[in-house]
Every structure is written in structure tokens, then in C-alpha cells.
$ cat my_file07.cif   # mmCIF, C-alpha atoms
data_my_file
loop_
_atom_site.label_atom_id
_atom_site.label_comp_id
_atom_site.auth_asym_id
_atom_site.auth_seq_id
_atom_site.Cartn_x
_atom_site.Cartn_y
_atom_site.Cartn_z
CA MET A 13 13.89 -10.13 -5.05
CA LEU A 14 16.98 -7.97 -5.37
CA ALA A 15 18.10 -5.89 -2.40
CA SER A 16 18.19 -2.82 -4.64
CA ASP A 17 14.57 -3.29 -5.71
CA PRO A 18 12.83 0.06 -5.03
CA ALA A 19 9.46 -1.66 -4.73
CA GLN A 20 10.53 -3.88 -1.80
CA PRO A 21 9.88 -1.36 1.03
CA VAL A 22 6.50 -0.44 -0.45
CA PHE A 23 5.40 -4.05 -0.78
CA ARG A 24 6.61 -4.76 2.76
CA ALA A 25 4.44 -1.87 3.94
CA LEU A 26 1.45 -3.22 2.00
CA ALA A 27 1.94 -6.83 3.12
CA ASP A 28 0.06 -6.51 6.40
CA PRO A 29 -3.74 -6.02 6.67
CA THR A 30 -3.36 -3.62 9.61
CA ARG A 31 -1.04 -1.42 7.59
CA ARG A 32 -3.43 -1.51 4.63
CA ALA A 33 -6.23 -0.42 6.97
CA ILE A 34 -4.06 2.44 8.24
CA ILE A 35 -3.38 3.50 4.64
CA SER A 36 -7.14 3.53 4.00
CA MET A 37 -7.69 5.65 7.09
CA LEU A 38 -5.00 8.12 6.06
CA SER A 39 -6.50 8.40 2.58
CA ASP A 40 -9.25 10.45 4.28
CA GLY A 41 -6.65 12.84 5.70
CA PRO A 42 -3.79 13.14 8.16
CA ARG A 43 -4.26 11.70 11.65
CA PRO A 44 -2.28 11.56 14.88
CA ILE A 45 -1.22 8.18 16.22
CA ALA A 46 -3.81 8.34 19.02
CA ASP A 47 -6.64 8.56 16.47
CA ILE A 48 -5.21 5.69 14.46
CA ALA A 49 -4.62 3.50 17.53
CA SER A 50 -8.19 4.06 18.74
CA GLU A 51 -9.47 2.21 15.66
CA PHE A 52 -7.60 -1.02 16.43
CA ASP A 53 -7.66 -3.62 19.16
CA MET A 54 -3.91 -3.44 19.78
CA THR A 55 -1.52 -1.37 21.81
CA ARG A 56 -0.29 2.03 20.77
CA PRO A 57 3.33 0.71 20.57
CA ALA A 58 2.13 -1.99 18.15
CA ILE A 59 0.49 0.68 15.97
CA ALA A 60 3.70 2.73 16.20
CA LYS A 61 5.63 -0.25 14.78
CA HIS A 62 3.21 -0.47 11.86
CA LEU A 63 3.56 3.26 11.26
CA ALA A 64 7.36 2.92 11.32
CA ILE A 65 7.21 0.30 8.56
CA LEU A 66 4.87 2.51 6.53
CA LYS A 67 7.30 5.40 6.99
CA GLU A 68 10.31 3.23 6.01
CA GLY A 69 8.44 2.32 2.83
CA GLY A 70 7.80 5.96 2.09
CA VAL A 71 4.05 5.31 2.19
CA ILE A 72 3.51 7.87 4.95
CA SER A 73 5.29 10.92 6.25
CA VAL A 74 5.24 12.05 9.86
CA GLU A 75 5.12 15.67 10.99
CA THR A 76 5.65 16.68 14.59
CA LYS A 77 3.24 19.34 15.86
CA GLY A 78 3.91 20.04 19.49
CA ARG A 79 3.57 16.72 21.29
CA GLU A 80 1.64 15.07 18.46
CA ARG A 81 3.00 13.19 15.49
CA ILE A 82 0.71 13.67 12.52
CA ASN A 83 0.75 10.84 9.98
CA ARG A 84 0.07 11.73 6.37
CA LEU A 85 -0.36 9.42 3.37
CA ASN A 86 2.17 9.75 0.57
CA PRO A 87 0.15 8.34 -2.35
CA GLN A 88 3.08 8.77 -4.76
CA ALA A 89 4.86 5.89 -2.99
CA LEU A 90 1.93 3.61 -3.83
CA LYS A 91 2.56 4.35 -7.50
CA THR A 92 5.68 2.18 -7.25
CA ALA A 93 3.49 -0.82 -6.43
CA ALA A 94 0.86 0.16 -9.01
CA ASP A 95 3.49 0.45 -11.75
CA TRP A 96 4.85 -2.98 -10.89
CA LEU A 97 1.37 -4.50 -10.92
CA ASN A 98 0.48 -2.82 -14.22
CA VAL A 99 2.95 -5.14 -15.95
CA PHE A 100 0.57 -7.95 -15.11
CA ASP A 101 -2.43 -5.99 -16.39
CA ARG A 102 -0.87 -6.27 -19.84
CA PHE A 103 -0.42 -10.00 -19.27
CA TRP A 104 -4.13 -10.42 -18.48
CA ASP A 105 -5.17 -8.15 -21.35
CA ASP A 106 -3.20 -10.37 -23.75
CA ARG A 107 -4.63 -13.57 -22.24
CA LEU A 108 -8.20 -12.29 -22.37
CA ALA A 109 -7.78 -11.10 -25.97
CA LYS A 110 -6.55 -14.59 -26.94
CA LEU A 111 -9.47 -16.19 -25.12
CA LYS A 112 -11.90 -13.88 -26.90
CA THR A 113 -10.39 -14.88 -30.26
CA VAL A 114 -10.73 -18.58 -29.45
CA VAL A 115 -14.33 -18.17 -28.28
CA GLU A 116 -15.30 -16.13 -31.34
CA LYS A 117 -13.74 -18.71 -33.70
CA SER A 118 -15.64 -21.56 -32.06
CA THR A 119 -19.07 -19.91 -32.38
#
$ encode --input "my_file07.cif" --output "C-alpha cells"
Amino acid sequence: MLASDPAQPVFRALADPTRRAIISMLSDGPRPIADIASEFDMTRPAIAKHLAILKEGGVISVETKGRERINRLNPQALKTAADWLNVFDRFWDDRLAKLKTVVEKST
């Protein structure tokens, strides 16, 4: 993959199941790190590392409110991954259309 590939940071963020779980949590609304960490059996610094990768990928934004850091999902960043994957939707649509043609000819 090219270093200038804009999808790379997003896919890196999506590559880990913990980060995907955090994304799901944030889809319900913004949450401070303490709330997020309470849902996992890992240390708060470990969760902070996952959040940093999500932030680097543009998948979340972080707002400081007093002593809390509120994490908010940026769903637009996920569109980068969706757009890339949609290329393969066309591939499967073409394959399934060809399969349908073959099946219909044989019956």
C-alpha cells in the first residue's frame, strides 16, 4: 500500500477488534475515556493508546472539557473505508450476475 494512501490510517484504526468496539460505543454518542475504559478488561493507558490510533485515523475527535477528554465519533472518516470497499461490491455484483446467467441457462 502506498504511503500516500488516504485510507491507510482509517484501516489501521479499524484493524483491531477493541478499536472497532470503541467505534460502536461512540456511535451511541460521545463518551469520556473513563466510560470507555470501564467497558474493557484492560488498563486505561491501553485504552488511551487505542483512542490515539483512532484519532490519528480521523475516526474520532477529542474535546477537552475541564479535566475530561470527550471522545466523539467522526463517521465521515469511515466513508473512506466504505468507498474503498464499495469497489468490491461492484465486483461481487458482476460475479453474481454472471452466476445467475449461467444458472438460468442451465435450467
$ closest_residue --input "my_file07.cif" --among "A:Asn98, A:Asn86, A:Thr55, A:Ser16" --to "Gly41 of chain A" --atoms "all atoms listed in the file"
A:Asn86
$ closest_residue --input "my_file07.cif" --among "A:Leu108, A:Val115, A:Met37, A:Ala25" --to "Leu66 of chain A" --atoms "all atoms listed in the file"
A:Ala25
$ residues_around --input "my_file07.cif" --residues "Leu63 of chain A" --least-positions-apart "6" --cutoff "12 Å" --atoms "only C-alpha atoms" --output "VMD selection string"
chain A and resid 25 to 26 28 30 to 35 38 43 to 46 48 to 49 56 to 57 69 to 74 81 to 85
$ closest_residue --input "my_file07.cif" --among "A:Lys67, A:Pro18, A:Glu80, A:His62" --to "Asp95 of chain A" --atoms "only C-alpha atoms"
A:Pro18
$ closest_residue --input "my_file07.cif" --among "A:Ile59, A:Val99, A:Ala19, A:Leu90" --to "Ser39 of chain A" --atoms "all atoms listed in the file"
A:Leu90
$ atom_distance --input "my_file07.cif" --atom1 "atom CA of Ala58 of chain A" --atom2 "atom CA of Leu97 of chain A"
29.2 Å
$ atom_distance --input "my_file07.cif" --atom1 "atom CA of Thr76 of chain A" --atom2 "atom CA of Phe52 of chain A"
22.2 Å
$ closest_residue --input "my_file07.cif" --among "A:Pro87, A:Lys61, A:Asp40, A:Trp96" --to "Phe23 of chain A" --atoms "all atoms listed in the file"
A:Trp96
$ atom_distance --input "my_file07.cif" --atom1 "atom CA of Pro21 of chain A" --atom2 "atom CA of Pro42 of chain A"
21.2 Å
$ build_atoms --input "my_file07.cif" --residues "segment 78-91 of chain A" --atoms "N, CA and C atoms" --output "mmCIF file, keeping the file's coordinate frame"
data_model
loop_
_atom_site.group_PDB
_atom_site.id
_atom_site.type_symbol
_atom_site.label_atom_id
_atom_site.label_comp_id
_atom_site.auth_asym_id
_atom_site.auth_seq_id
_atom_site.Cartn_x
_atom_site.Cartn_y
_atom_site.Cartn_z
ATOM 1 N N GLY A 78 3.936 20.064 18.034
ATOM 2 C CA GLY A 78 3.910 20.040 19.490
ATOM 3 C C GLY A 78 4.253 18.655 19.982
ATOM 4 N N ARG A 79 3.353 18.076 20.765
ATOM 5 C CA ARG A 79 3.570 16.720 21.290
ATOM 6 C C ARG A 79 2.998 15.645 20.387
ATOM 7 N N GLU A 80 2.266 16.039 19.354
ATOM 8 C CA GLU A 80 1.640 15.070 18.460
ATOM 9 C C GLU A 80 2.502 14.803 17.235
ATOM 10 N N ARG A 81 2.374 13.577 16.761
ATOM 11 C CA ARG A 81 3.000 13.190 15.490
ATOM 12 C C ARG A 81 1.865 12.922 14.518
ATOM 13 N N ILE A 82 1.786 13.766 13.507
ATOM 14 C CA ILE A 82 0.710 13.670 12.520
ATOM 15 C C ILE A 82 1.191 12.809 11.352
ATOM 16 N N ASN A 83 0.426 11.777 11.052
ATOM 17 C CA ASN A 83 0.750 10.840 9.980
ATOM 18 C C ASN A 83 -0.049 11.208 8.739
ATOM 19 N N ARG A 84 0.680 11.291 7.628
ATOM 20 C CA ARG A 84 0.070 11.730 6.370
ATOM 21 C C ARG A 84 0.425 10.724 5.269
ATOM 22 N N LEU A 85 -0.567 10.353 4.474
ATOM 23 C CA LEU A 85 -0.360 9.420 3.370
ATOM 24 C C LEU A 85 0.474 10.075 2.274
ATOM 25 N N ASN A 86 1.402 9.328 1.732
ATOM 26 C CA ASN A 86 2.170 9.750 0.570
ATOM 27 C C ASN A 86 1.743 8.846 -0.592
ATOM 28 N N PRO A 87 0.682 9.227 -1.311
ATOM 29 C CA PRO A 87 0.150 8.340 -2.350
ATOM 30 C C PRO A 87 1.140 8.080 -3.485
ATOM 31 N N GLN A 88 2.088 8.969 -3.693
ATOM 32 C CA GLN A 88 3.080 8.770 -4.760
ATOM 33 C C GLN A 88 3.866 7.481 -4.540
ATOM 34 N N ALA A 89 4.120 7.126 -3.281
ATOM 35 C CA ALA A 89 4.860 5.890 -2.990
ATOM 36 C C ALA A 89 4.068 4.668 -3.453
ATOM 37 N N LEU A 90 2.754 4.745 -3.395
ATOM 38 C CA LEU A 90 1.930 3.610 -3.830
ATOM 39 C C LEU A 90 2.006 3.415 -5.341
ATOM 40 N N LYS A 91 2.406 4.456 -6.051
ATOM 41 C CA LYS A 91 2.560 4.350 -7.500
ATOM 42 C C LYS A 91 3.629 3.337 -7.868
#
